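Worksheet: one structure, shown below.
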Amino acid sequence: MSTHHASPLLSVRNLRVALQTSHGQLEALRGVDFEMQSGETLGLIGESGCGKSLTALAIMGLLPDHASVSGSIALHGTELTQMSEDTLCTLRGARMAMIFQEPMTALNPLHPIWKQIAEPLQLHQGMDLVSAKARALELLDRVQLPRARERLDNYPHQLSGGQRQRVMISMALACQPDILIADEPTTALDVTVQKEVLALIHQLVAEDGMGLLLISHNLGLMRDQVERVMVMYGGAVVESASTKDLFERRLHPYTQGLFAARPQLGLKRGTRLQTIAGNVPELFNWPKGCAFADRCAYVKDSCKQGLPPIELVPQIVHVNESKDKDGGEETDKPRHLAEHWVRCPEWQKLEAAA
Amino acid sequence: MSSAPSFSGRVQQAFKHRSFAAGAVIVTLLVFSAALSLFWTPYPVADIDIPNKLATASAQHWFGTDSLGRDIASLLLVGSQNSLLVGFIAVGIGLGFGVPLGLLASAQRGWVEEVVMRVADFTFAFPALLSAILLTAIYGPGLVVSITAIGIFNIPVFARITRGAANAIWSRDFTLAAKAAGKTKWAITWEHVLPNVASVLIVQATVQFAIAILAEAALSYLGLGTQPPNPSWGRMLNEAQSQMFQAPMLAVYPGMAIALAVLGLNLMGDGLRDLLDPRLSRTR
Amino acid sequence: MISSPDILLDVQHLSQQYALPKASLFAKAGHIQALNDVSFQLAAGKSMGVVGESGSGKSTLARLVMALEKPTQGKVMFKGQDLNALPQDALRRARSDFQMVFQDPYGSLDPRQKVLRIVSEPLSSTLNNPSGQALNAQALSPQDLKDRAAQALTEVGLRASDLDKYPHEFSGGQRQRIAIARALITRPSLIVADEPVSALDVSVQAQVLNLMMDLQERYGLSYLFVSHDLAVVNLMCDDVLVLQHGQLVEAGSADDIFLRPQHPYTQELLSANTGLSH
């Protein structure tokens with residue numbers, strides 16, 4: 001199912017992004033590290049300004065001109081950060097694809113949808129118009145767009161939000177990329193449609209053995225969609241664990257606060273939600289140390305001196321226990337999937353308090 | 001969060017913008033020349049000095065003299081008064097009538113909007129310069145008539161632009177919030193819509209100013225604008241035509257003055273567009 | 001429906017049609033039925049949630065209740081008065097008793113005005129406050145306005161010094177607080193909230209929801225709370241209306257709707273929601 005490569009599908013090492021603004025150089029990403037294997041699904045969760053979308057854009061090489069990148073991003077061992085724009089263009093759409101939050105603005109309102117799907121096919125696979133159109137129809141069927149044949153010539157405004165998102169997905173998958181990055185793919189959609197679109201993404205990713213990097217602010221979404229979750233705050237990853245583990249225990253004060261702040265259906269009317277004291281610091285204006293320091297109940301002086309390193313939480317890892325999503329044979333999941341990392345020197349206190 | 005920049009802070013920021021800075025310098029020069037010429041010119045513009053006619057640039061006459069011996073530098077300076085006056089009044093007419101019409105159309109929608117816009121379209125259908133010529137033919141040439149003619153053609157420009165910008169503002173929630181607070185349509189137009197379309201209007205005003213100067217120069221060139229003995233850059237061009245082979249520079253100086261004025265205004269307008277608009281839409 | 005003396009809002013057979021642009025000059029203009037025969041009552045001090053997806057008509061309902069639009073059919077009775085039958089200035093006076101909070105914290109505040117002006121807007125245009133006292137707008141001196149505005153800001157957790165700032169100096173959550181302060185300043189009995197927290201981050205959402213609950217307890221407010229998020233509606237509201245394509249498909253207490261949904265659409269909404277928010 002997943003092709004075995006010597007190097008991981010995606011390897012991000014000490015990714016730092018700085019933005020040049022009228023207020024000077026601001027650090028937007030402060031050292032993001034992670035790895036993805038082929039066929040893995042990884043979730044990236046965080047609130048506005050944490051840097052999750054920037055991470056995705058950095059991987060795709062789509063950062064604005066005034067951004068400077070340092071660190072390493074490697075796709076199947078090929079280093080992306082120093083690549084020329086031309087070479088990157090050959091990779092985008094072909095080996096790595098992205099779908100965005102707002103399908104109406106991500107699709108060109110002046111082109112019929114078949115043309116937009118055909119574009120990557122013509123560009124990367126050199127298909128002629130006729131075969132591209134035929135392939136576009138196949139792709140639309142695959143994303144379960146109802147009455148696809150009739151809809152080929154439709155313009156984006158003639159489709160609903162969910163349908164437009166399906167078109168975007170088919171565009172992304174057209175050249176069967178190795179990795180799909182989905183940046184809030186269902187946030188702009190109705191709840192009932194969200195479920196369908198997520199299920200679709202899940203199915204297609206599994207069928208093609210692609211890696212999936214799913215970005216969202218919605219915790220509930222992560223639970224069913226990804227094997228592993230990274231929580232971001234203040235331009236850095238503050239906690240990372242398997243989904244199952246993260247939903248069972250949180251070891252970073254921010255993650256705890258985030259989970260506790262959600263309204264849930266079981267709550268009694270009028271229950272006050274648990275809030276995280278204070279506010280998110282000004283956009284990209286992180287303090288020297290941990291960005292969460294002045295909102296944290298467990299803060300120590302050392303936290304403010306410098307960004308705490310991310311630590312591996314020792315745990316009893318039942319590596320052979322986890323079952324495959326298809327509910328079939330037990331697979332020997334790679335060790336790193338079950339690892340729980342946290343960027344907080346006080347995590348033991350949190351574990352005790354939980 | 002970030003504090004609002006003070007006015008002087010914003011002015012400082014504005015001058016970092018190259019287009020705006022260059023344009024502002026040129027326009028200031030223009031205004032300064034006009035102001036200066038009210039009190040002093042190297043030579044009185046009415047002074048005819050036939051023996052010294054068609055002189056080339058020298059220490060006594062920085063740009064030389066024309067076919068009647070008048071000092072060109074002085075003519076250019078006083079001519080700038082003319083251009084500025086036309087610009088201000090013509091744009092003033094356009095703003096004064098066009099903006100309220102546009103705001104009215106946007107606030108009322110329905111048939112009122114239709115009528116205002118169709119009248120504007122109708123006015124656009126007439127070629128502005130020819131219509132100005134027609135008006136001067138009817139009412140006689142002169143500064144007042146030419147300013148009025150140019151001004152009238154500014155009205156539909158501003159009406160249309162105001163309506164478009166105002167429609168965008170009406171679709172924003174804060175106008176609905178004002179209505180929910182009990183404000184009348186007119187109060188909302190005055191307090192919310194107008195301040196938010198002001199930046200668009202300012203930019204357009206600089207563009208129309210430049211167009212007005214060009215239009216007046218054209219009318220004066222044709223002899224329909226400012227009448228002698230009042231100096232006008234356009235008329236200087238006309239007078240220079242007959243001297244094309246003896247003193248070609250006579251055409252260059254007023255031409256350059258016109259071009260420079262238009263350039264300065266356009267640069268400033270470009271700069272203003274960049275400075276004023278993103279500030280509003282990018283603060284997320 | 002129980003008719004009791006303190007029915008704040010009585011919506012009767014409300015329908016709203018919008019004309020579509022004509023396909024060609026002589027074709028008949030089509031129309032969209034945004035709302036179809038919706039009726040409900042809201043008692044004083046209680047909260048009513050309105051749930052539905054896009055196209056359900058919930059935002060249209062909010063605007064009609066606020067008398068920002070005239071309905072094609074039906075009545076909106078607020079404290080016994082038919083809002084659409086009132087003459088213009090009587091309606092404007094009545095508005096001090098019902099206010100609205102909008103979804104988009106970036107669009108609902110005029111970027112060109114300072115917070116003082118934004119928050120005191122309902123005061124500067126109304127002529128009496130709900131307790132019946134005639135409060136001539138001219139009688140409110142600039143200092144009075146400033147004091148009232150400062151008070152409103154502190155009630156929502158901001159500072160009096162924030163009066164002098166512009167909206168772009170605040171975060172989304174803070175802007176929503178400003179919007180709430182504006183809605184509160186005339187001490188209304190009803191606040192219509194159209195997706196007030198949907199555009200906010202989870203942690204900020206929690207703060208704003210807590211604030212809204214506190215304010216309700218302190219001032220005996222009623223909320224008409226429009227949202228697509230069932231968990232939020234369950235937390236904030238006593239009763240719920242479920243809208244689909246402009247129709248009221250189910251209505252009842254929050255417990256009834258969320259624990260024992262009857263209508264298939266309600267059930268579908270619930271299952272979709274629980275799959276995502278947990």
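To be explicit about the labels: the chains of the structure tokens are called A, B, and onward in the order shown, and within each one the residues are counted from 1, while ligands get numbers from 1 in the order they are shown.
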| request: Starting from chain C, keep only residues with some atom at most 6 Å from an atom of chain B, counting only C-alpha atoms, and report them as a PyMOL selection string. | output: chain C and resi 92+107-110+122+125+168-170
Restricted to N, CA and C atoms, what would the selected residues look like written as an mmCIF file, in the first residue's frame?
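See result37.cif below for the written result:
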```cif
data_model
loop_
_atom_site.group_PDB
_atom_site.id
_atom_site.type_symbol
_atom_site.label_atom_id
_atom_site.label_comp_id
_atom_site.auth_asym_id
_atom_site.auth_seq_id
_atom_site.Cartn_x
_atom_site.Cartn_y
_atom_site.Cartn_z
ATOM 1 N N ARG C 92 -37.875 53.935 15.792
ATOM 2 C CA ARG C 92 -36.514 54.274 16.194
ATOM 3 C C ARG C 92 -36.388 54.368 17.695
ATOM 4 N N GLY C 107 -16.349 43.471 10.367
ATOM 5 C CA GLY C 107 -17.239 44.275 9.526
ATOM 6 C C GLY C 107 -18.282 45.045 10.296
ATOM 7 N N SER C 108 -18.501 44.687 11.571
ATOM 8 C CA SER C 108 -19.623 45.325 12.254
ATOM 9 C C SER C 108 -19.227 46.594 12.987
ATOM 10 N N LEU C 109 -17.933 46.948 12.952
ATOM 11 C CA LEU C 109 -17.512 48.217 13.554
ATOM 12 C C LEU C 109 -16.955 49.104 12.452
ATOM 13 N N ASP C 110 -17.382 50.370 12.446
ATOM 14 C CA ASP C 110 -16.913 51.304 11.421
ATOM 15 C C ASP C 110 -15.423 51.582 11.627
ATOM 16 N N PRO C 122 -26.052 53.922 19.726
ATOM 17 C CA PRO C 122 -27.477 53.748 20.019
ATOM 18 C C PRO C 122 -28.010 54.839 20.944
ATOM 19 N N SER C 125 -28.933 58.365 19.221
ATOM 20 C CA SER C 125 -30.015 58.475 18.256
ATOM 21 C C SER C 125 -31.368 58.050 18.793
ATOM 22 N N HIS C 168 -9.238 48.750 14.524
ATOM 23 C CA HIS C 168 -8.150 47.905 14.058
ATOM 24 C C HIS C 168 -7.082 47.668 15.118
ATOM 25 N N GLU C 169 -7.179 48.380 16.212
ATOM 26 C CA GLU C 169 -6.213 48.170 17.296
ATOM 27 C C GLU C 169 -6.609 47.014 18.204
ATOM 28 N N PHE C 170 -7.711 46.372 17.901
ATOM 29 C CA PHE C 170 -8.192 45.297 18.764
ATOM 30 C C PHE C 170 -8.239 43.971 18.033
#
```
As an mmCIF file with C-alpha atoms, in the first residue's frame, please: the residues near Gly257 in chain A (cut-off 10 Å, only C-alpha atoms, same-chain neighbours under 6 positions excluded).
```cif
data_model
loop_
_atom_site.group_PDB
_atom_site.id
_atom_site.type_symbol
_atom_site.label_atom_id
_atom_site.label_comp_id
_atom_site.auth_asym_id
_atom_site.auth_seq_id
_atom_site.Cartn_x
_atom_site.Cartn_y
_atom_site.Cartn_z
ATOM 1 C CA ARG A 250 -2.809 16.599 27.495
ATOM 2 C CA GLN A 274 -13.125 27.131 31.275
ATOM 3 C CA THR A 275 -11.100 29.873 29.694
ATOM 4 C CA ILE A 276 -7.422 30.478 29.264
ATOM 5 C CA ALA A 277 -6.506 33.658 31.094
ATOM 6 C CA CYS A 296 0.350 29.951 32.157
ATOM 7 C CA VAL C 202 -12.080 28.437 20.507
ATOM 8 C CA SER C 203 -10.431 29.989 23.536
#
```
Neighbours of Leu212 in chain A within 9 Å (only C-alpha atoms; same-chain residues fewer than 5 positions away dropped), as a PDB file with N, CA and C atoms, in the first residue's frame?
```pdb
ATOM      1  N   MET A  36       6.986  13.066   8.383  1.00  0.00           N
ATOM      2  CA  MET A  36       5.806  12.306   7.956  1.00  0.00           C
ATOM      3  C   MET A  36       6.257  11.191   7.040  1.00  0.00           C
ATOM      4  N   SER A  38       5.116   8.096   4.199  1.00  0.00           N
ATOM      5  CA  SER A  38       4.074   7.945   3.182  1.00  0.00           C
ATOM      6  C   SER A  38       2.848   7.300   3.795  1.00  0.00           C
ATOM      7  N   GLY A  39       1.706   7.789   3.434  1.00  0.00           N
ATOM      8  CA  GLY A  39       0.474   7.173   3.912  1.00  0.00           C
ATOM      9  C   GLY A  39       0.076   7.614   5.302  1.00  0.00           C
ATOM     10  N   GLU A  40       0.871   8.459   5.922  1.00  0.00           N
ATOM     11  CA  GLU A  40       0.539   8.897   7.280  1.00  0.00           C
ATOM     12  C   GLU A  40      -0.422  10.072   7.241  1.00  0.00           C
ATOM     13  N   THR A  41      -1.265  10.183   8.248  1.00  0.00           N
ATOM     14  CA  THR A  41      -2.139  11.362   8.337  1.00  0.00           C
ATOM     15  C   THR A  41      -1.757  12.137   9.586  1.00  0.00           C
ATOM     16  N   LEU A  42      -1.448  13.399   9.391  1.00  0.00           N
ATOM     17  CA  LEU A  42      -0.981  14.247  10.484  1.00  0.00           C
ATOM     18  C   LEU A  42      -1.867  15.473  10.596  1.00  0.00           C
ATOM     19  N   GLY A  43      -2.282  15.782  11.813  1.00  0.00           N
ATOM     20  CA  GLY A  43      -3.117  16.965  12.008  1.00  0.00           C
ATOM     21  C   GLY A  43      -2.314  18.074  12.644  1.00  0.00           C
ATOM     22  N   ASP A 178       2.239  12.921  -3.788  1.00  0.00           N
ATOM     23  CA  ASP A 178       2.668  12.110  -2.664  1.00  0.00           C
ATOM     24  C   ASP A 178       2.084  12.637  -1.368  1.00  0.00           C
ATOM     25  N   ILE A 179       1.863  13.962  -1.322  1.00  0.00           N
ATOM     26  CA  ILE A 179       1.360  14.550  -0.087  1.00  0.00           C
ATOM     27  C   ILE A 179       0.269  15.568  -0.379  1.00  0.00           C
ATOM     28  N   LEU A 180      -0.772  15.519   0.434  1.00  0.00           N
ATOM     29  CA  LEU A 180      -1.874  16.463   0.310  1.00  0.00           C
ATOM     30  C   LEU A 180      -1.920  17.314   1.565  1.00  0.00           C
ATOM     31  N   ILE A 181      -1.870  18.611   1.381  1.00  0.00           N
ATOM     32  CA  ILE A 181      -1.983  19.519   2.525  1.00  0.00           C
ATOM     33  C   ILE A 181      -3.358  20.162   2.456  1.00  0.00           C
ATOM     34  N   ALA A 182      -4.150  19.979   3.488  1.00  0.00           N
ATOM     35  CA  ALA A 182      -5.506  20.533   3.501  1.00  0.00           C
ATOM     36  C   ALA A 182      -5.576  21.590   4.596  1.00  0.00           C
ATOM     37  N   ILE A 201     -12.080  12.877   1.730  1.00  0.00           N
ATOM     38  CA  ILE A 201     -10.631  13.081   1.789  1.00  0.00           C
ATOM     39  C   ILE A 201      -9.966  11.857   2.413  1.00  0.00           C
ATOM     40  N   HIS A 202     -10.550  11.402   3.482  1.00  0.00           N
ATOM     41  CA  HIS A 202     -10.022  10.241   4.193  1.00  0.00           C
ATOM     42  C   HIS A 202      -9.914   9.032   3.271  1.00  0.00           C
ATOM     43  N   VAL A 205      -7.293   9.551   0.389  1.00  0.00           N
ATOM     44  CA  VAL A 205      -5.921   9.509   0.900  1.00  0.00           C
ATOM     45  C   VAL A 205      -5.511   8.058   1.150  1.00  0.00           C
ATOM     46  N   VAL A 226      -7.198  11.982  11.662  1.00  0.00           N
ATOM     47  CA  VAL A 226      -5.736  11.839  11.590  1.00  0.00           C
ATOM     48  C   VAL A 226      -5.217  10.898  12.674  1.00  0.00           C
TER      49      VAL A 226
END
```
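Residues of chain A having any atom within 9 Å of chain B, counting only C-alpha atoms, are A:Pro281, A:Glu282, A:Leu283.
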Generate a file of the selected residues that holds N, CA and C atoms, formatted as a PDB file, in the first residue's frame.
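Dumped to out-v3.pdb:
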```pdb
ATOM      1  N   PRO A 281      -0.668  36.778  22.321  1.00  0.00           N
ATOM      2  CA  PRO A 281       0.176  37.959  22.103  1.00  0.00           C
ATOM      3  C   PRO A 281      -0.033  38.532  20.708  1.00  0.00           C
ATOM      4  N   GLU A 282       0.321  39.781  20.538  1.00  0.00           N
ATOM      5  CA  GLU A 282       0.174  40.447  19.247  1.00  0.00           C
ATOM      6  C   GLU A 282       0.799  39.614  18.148  1.00  0.00           C
ATOM      7  N   LEU A 283       0.195  39.669  16.986  1.00  0.00           N
ATOM      8  CA  LEU A 283       0.585  38.799  15.896  1.00  0.00           C
ATOM      9  C   LEU A 283       2.091  38.760  15.662  1.00  0.00           C
TER      10      LEU A 283
END
```
| Counting only C-alpha atoms, which residues from chain C have an atom at most 8 Å from any atom of chain A, and could you show them as JSON, numbers by chain? | {"C": [53, 54, 201, 202, 203, 204, 206, 207, 209, 210, 213, 228, 230, 231, 232, 234, 235, 236, 237, 238, 258, 268, 269, 272, 273, 274, 275, 276, 277, 278]}
| said: To test your reading of the structure, identify every residue in range 112-300 of chain A that backbone DSSP assigns to helix (DSSP H, G or I), and report it as JSON, numbers by chain. | reply: {"A": [113, 114, 115, 116, 117, 118, 119, 120, 121, 122, 123, 124, 125, 129, 130, 131, 132, 133, 134, 135, 136, 137, 138, 139, 140, 141, 142, 148, 149, 150, 151, 156, 157, 158, 161, 162, 163, 164, 165, 166, 167, 168, 169, 170, 171, 172, 173, 191, 192, 193, 194, 195, 196, 197, 198, 199, 200, 201, 202, 203, 204, 205, 206, 207, 208, 219, 220, 221, 222, 223, 224, 225, 243, 244, 245, 246, 247, 248, 253, 254, 255, 256, 257, 258, 259, 260, 293, 294, 295]}
| request: Name the residues in contact with range 346-353 of chain A at a cut-off of 7 Å, using only C-alpha atoms, excluding same-chain residues fewer than 5 positions from it; report them as a list of chain:residue names. | output: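 After dropping sequence-adjacent residues, the list is A:Leu251, A:His252, A:Tyr298.
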Written selection (N, CA and C atoms) as a PDB file, in the first residue's frame:
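Output file result_29.pdb follows:
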```
ATOM      1  N   LEU A 251      -0.570  17.285  28.009  1.00  0.00           N
ATOM      2  CA  LEU A 251       0.512  17.600  28.936  1.00  0.00           C
ATOM      3  C   LEU A 251       1.043  19.015  28.790  1.00  0.00           C
ATOM      4  N   HIS A 252       0.471  19.796  27.916  1.00  0.00           N
ATOM      5  CA  HIS A 252       0.900  21.185  27.816  1.00  0.00           C
ATOM      6  C   HIS A 252      -0.246  22.060  28.305  1.00  0.00           C
ATOM      7  N   TYR A 298       1.507  27.463  35.369  1.00  0.00           N
ATOM      8  CA  TYR A 298       2.664  26.725  35.849  1.00  0.00           C
ATOM      9  C   TYR A 298       3.981  27.417  35.518  1.00  0.00           C
TER      10      TYR A 298
END
```
| query | Which residues in range 236-348 of chain A does DSSP call strand (DSSP E or B)? List them as a list in words. | reply |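 Going through range 236-348 of chain A, the strand (DSSP E or B) residues come out as Ala236, Val237, Val238, Glu239, Ser240, Ala241, Ser242, Glu311, Leu312, Lys323, Glu330, Trp341 and Val342 of chain A.
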| With only C-alpha atoms as the basis for distance, which of C:His245, C:Lys58, C:Arg177, C:Lys46 is at the shortest distance from Thr154 in chain C? | C:Arg177
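Closest approach to Ala120 in chain B among B:Ala212, B:Leu267, B:Ala90, B:Ala105: B:Ala105, based on only C-alpha atoms.
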| query | So which residues touch Gln208 in chain B within 8 Å, counting only C-alpha atoms, skipping near sequence neighbours fewer than 4 positions away, as an MDAnalysis selection string? | reply | chainID B and resid 87 91 154 204 212
| query | Using only C-alpha atoms, which of the listed residues (A:Glu27, A:Glu339, A:Glu102, A:Glu79) sits closest to Pro185 in chain A? | reply |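 Using only C-alpha atoms, the shortest distance to Pro185 in chain A belongs to A:Glu102.
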| Surrounding residues of range 160-167 of chain C excluding itself and chain neighbours under 5 positions, 7 Å, only C-alpha atoms, as a list in words |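 Close residues of range 160-167 of chain C: Leu109, Pro111, Gln113, Lys114, Val115, Leu116, Ala150, Leu153, Thr154 and Arg175 of chain C.
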Could the residues in this selection be saved with N, CA and C atoms as an mmCIF file, in the first residue's frame?
```
data_model
loop_
_atom_site.group_PDB
_atom_site.id
_atom_site.type_symbol
_atom_site.label_atom_id
_atom_site.label_comp_id
_atom_site.auth_asym_id
_atom_site.auth_seq_id
_atom_site.Cartn_x
_atom_site.Cartn_y
_atom_site.Cartn_z
ATOM 1 N N LEU C 109 -17.933 46.948 12.952
ATOM 2 C CA LEU C 109 -17.512 48.217 13.554
ATOM 3 C C LEU C 109 -16.955 49.104 12.452
ATOM 4 N N PRO C 111 -14.584 51.199 10.667
ATOM 5 C CA PRO C 111 -13.140 51.351 10.868
ATOM 6 C C PRO C 111 -12.707 52.798 11.024
ATOM 7 N N GLN C 113 -14.294 55.114 12.817
ATOM 8 C CA GLN C 113 -14.761 55.772 14.037
ATOM 9 C C GLN C 113 -14.047 55.239 15.250
ATOM 10 N N LYS C 114 -13.899 56.095 16.239
ATOM 11 C CA LYS C 114 -13.306 55.636 17.489
ATOM 12 C C LYS C 114 -14.330 54.847 18.280
ATOM 13 N N VAL C 115 -13.838 54.054 19.206
ATOM 14 C CA VAL C 115 -14.706 53.167 19.985
ATOM 15 C C VAL C 115 -15.780 53.952 20.724
ATOM 16 N N LEU C 116 -15.443 55.119 21.229
ATOM 17 C CA LEU C 116 -16.430 55.931 21.954
ATOM 18 C C LEU C 116 -17.655 56.170 21.092
ATOM 19 N N ALA C 150 -18.024 54.392 28.746
ATOM 20 C CA ALA C 150 -16.965 53.808 29.575
ATOM 21 C C ALA C 150 -17.528 52.684 30.437
ATOM 22 N N LEU C 153 -18.084 49.591 28.422
ATOM 23 C CA LEU C 153 -16.843 48.884 28.120
ATOM 24 C C LEU C 153 -16.347 48.073 29.309
ATOM 25 N N THR C 154 -16.427 48.670 30.489
ATOM 26 C CA THR C 154 -15.954 47.917 31.658
ATOM 27 C C THR C 154 -16.845 46.707 31.911
ATOM 28 N N ARG C 175 -13.039 42.994 19.618
ATOM 29 C CA ARG C 175 -14.001 43.722 18.796
ATOM 30 C C ARG C 175 -15.414 43.228 19.055
#
```
| Of the candidates A:Gln158, A:Ser70, A:Asn285, A:Ser53, which shows the shortest atom-to-atom distance to His111 in chain A, using only C-alpha atoms? |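 Of A:Gln158, A:Ser70, A:Asn285, A:Ser53, the one nearest His111 in chain A, counting only C-alpha atoms, is A:Gln158.
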| Test item: residues at most 12 Å from Ile99 in chain A, only C-alpha atoms, excluding those fewer than 4 positions along its chain, as an NGL selection string | :A and (53 or 56-57 or 60 or 92-93 or 103-107 or 164-173 or 179-186 or 201 or 212-215)
Tell me, counting only C-alpha atoms, for each residue of range 68-187 of chain B within 12 Å of range 37-54 of chain B, which pair of atoms is nearest and how far apart they are in Å to one decimal, in rows ordered by chain and increasing number, as a Markdown table.
```
| residue | atom | partner | partner_atom | distance |
| --- | --- | --- | --- | --- |
| B:Leu68 | CA | B:Ile50 | CA | 5.3 |
| B:Gly69 | CA | B:Lys53 | CA | 3.8 |
| B:Arg70 | CA | B:Ile48 | CA | 5.3 |
| B:Asp71 | CA | B:Tyr43 | CA | 6.3 |
| B:Ile72 | CA | B:Val45 | CA | 8.5 |
| B:Ala73 | CA | B:Pro42 | CA | 7.3 |
| B:Ser74 | CA | B:Thr41 | CA | 5.3 |
| B:Leu75 | CA | B:Val45 | CA | 6.0 |
| B:Leu76 | CA | B:Ser37 | CA | 9.3 |
| B:Leu77 | CA | B:Ser37 | CA | 5.7 |
| B:Val78 | CA | B:Ser37 | CA | 5.5 |
| B:Gly79 | CA | B:Ser37 | CA | 9.0 |
| B:Ser80 | CA | B:Ser37 | CA | 8.5 |
| B:Gln81 | CA | B:Ser37 | CA | 7.6 |
| B:Asn82 | CA | B:Ser37 | CA | 10.9 |
```
Write out the residues from the selection above, keeping N, CA and C atoms, as a PDB file, in the first residue's frame.
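Okay, this is what ended up in out-v8.pdb:
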```
ATOM      1  N   LEU B  68       6.438  88.671 -28.333  1.00  0.00           N
ATOM      2  CA  LEU B  68       6.205  90.083 -28.000  1.00  0.00           C
ATOM      3  C   LEU B  68       7.205  90.579 -26.972  1.00  0.00           C
ATOM      4  N   GLY B  69       8.196  89.790 -26.686  1.00  0.00           N
ATOM      5  CA  GLY B  69       9.221  90.212 -25.731  1.00  0.00           C
ATOM      6  C   GLY B  69       8.832  89.983 -24.280  1.00  0.00           C
ATOM      7  N   ARG B  70       7.720  89.301 -24.056  1.00  0.00           N
ATOM      8  CA  ARG B  70       7.318  89.054 -22.652  1.00  0.00           C
ATOM      9  C   ARG B  70       8.191  87.965 -22.065  1.00  0.00           C
ATOM     10  N   ASP B  71       8.493  88.124 -20.776  1.00  0.00           N
ATOM     11  CA  ASP B  71       9.357  87.151 -20.098  1.00  0.00           C
ATOM     12  C   ASP B  71       8.590  85.835 -19.899  1.00  0.00           C
ATOM     13  N   ILE B  72       9.158  84.771 -20.429  1.00  0.00           N
ATOM     14  CA  ILE B  72       8.453  83.492 -20.357  1.00  0.00           C
ATOM     15  C   ILE B  72       8.334  82.959 -18.933  1.00  0.00           C
ATOM     16  N   ALA B  73       9.403  83.139 -18.150  1.00  0.00           N
ATOM     17  CA  ALA B  73       9.355  82.657 -16.768  1.00  0.00           C
ATOM     18  C   ALA B  73       8.157  83.251 -16.037  1.00  0.00           C
ATOM     19  N   SER B  74       7.960  84.568 -16.214  1.00  0.00           N
ATOM     20  CA  SER B  74       6.828  85.220 -15.547  1.00  0.00           C
ATOM     21  C   SER B  74       5.516  84.679 -16.060  1.00  0.00           C
ATOM     22  N   LEU B  75       5.458  84.475 -17.384  1.00  0.00           N
ATOM     23  CA  LEU B  75       4.219  83.941 -17.962  1.00  0.00           C
ATOM     24  C   LEU B  75       3.902  82.572 -17.389  1.00  0.00           C
ATOM     25  N   LEU B  76       4.949  81.737 -17.249  1.00  0.00           N
ATOM     26  CA  LEU B  76       4.725  80.392 -16.704  1.00  0.00           C
ATOM     27  C   LEU B  76       4.212  80.464 -15.270  1.00  0.00           C
ATOM     28  N   LEU B  77       4.830  81.360 -14.495  1.00  0.00           N
ATOM     29  CA  LEU B  77       4.424  81.465 -13.086  1.00  0.00           C
ATOM     30  C   LEU B  77       2.967  81.892 -12.959  1.00  0.00           C
ATOM     31  N   VAL B  78       2.602  82.936 -13.688  1.00  0.00           N
ATOM     32  CA  VAL B  78       1.221  83.411 -13.579  1.00  0.00           C
ATOM     33  C   VAL B  78       0.260  82.397 -14.185  1.00  0.00           C
ATOM     34  N   GLY B  79       0.746  81.731 -15.229  1.00  0.00           N
ATOM     35  CA  GLY B  79      -0.096  80.700 -15.827  1.00  0.00           C
ATOM     36  C   GLY B  79      -0.437  79.593 -14.850  1.00  0.00           C
ATOM     37  N   SER B  80       0.476  79.338 -13.913  1.00  0.00           N
ATOM     38  CA  SER B  80       0.198  78.270 -12.956  1.00  0.00           C
ATOM     39  C   SER B  80      -0.995  78.631 -12.083  1.00  0.00           C
ATOM     40  N   GLN B  81      -1.168  79.920 -11.826  1.00  0.00           N
ATOM     41  CA  GLN B  81      -2.341  80.354 -11.047  1.00  0.00           C
ATOM     42  C   GLN B  81      -3.593  79.867 -11.742  1.00  0.00           C
ATOM     43  N   ASN B  82      -3.595  80.117 -13.044  1.00  0.00           N
ATOM     44  CA  ASN B  82      -4.715  79.751 -13.886  1.00  0.00           C
ATOM     45  C   ASN B  82      -5.036  78.267 -13.775  1.00  0.00           C
TER      46      ASN B  82
END
```
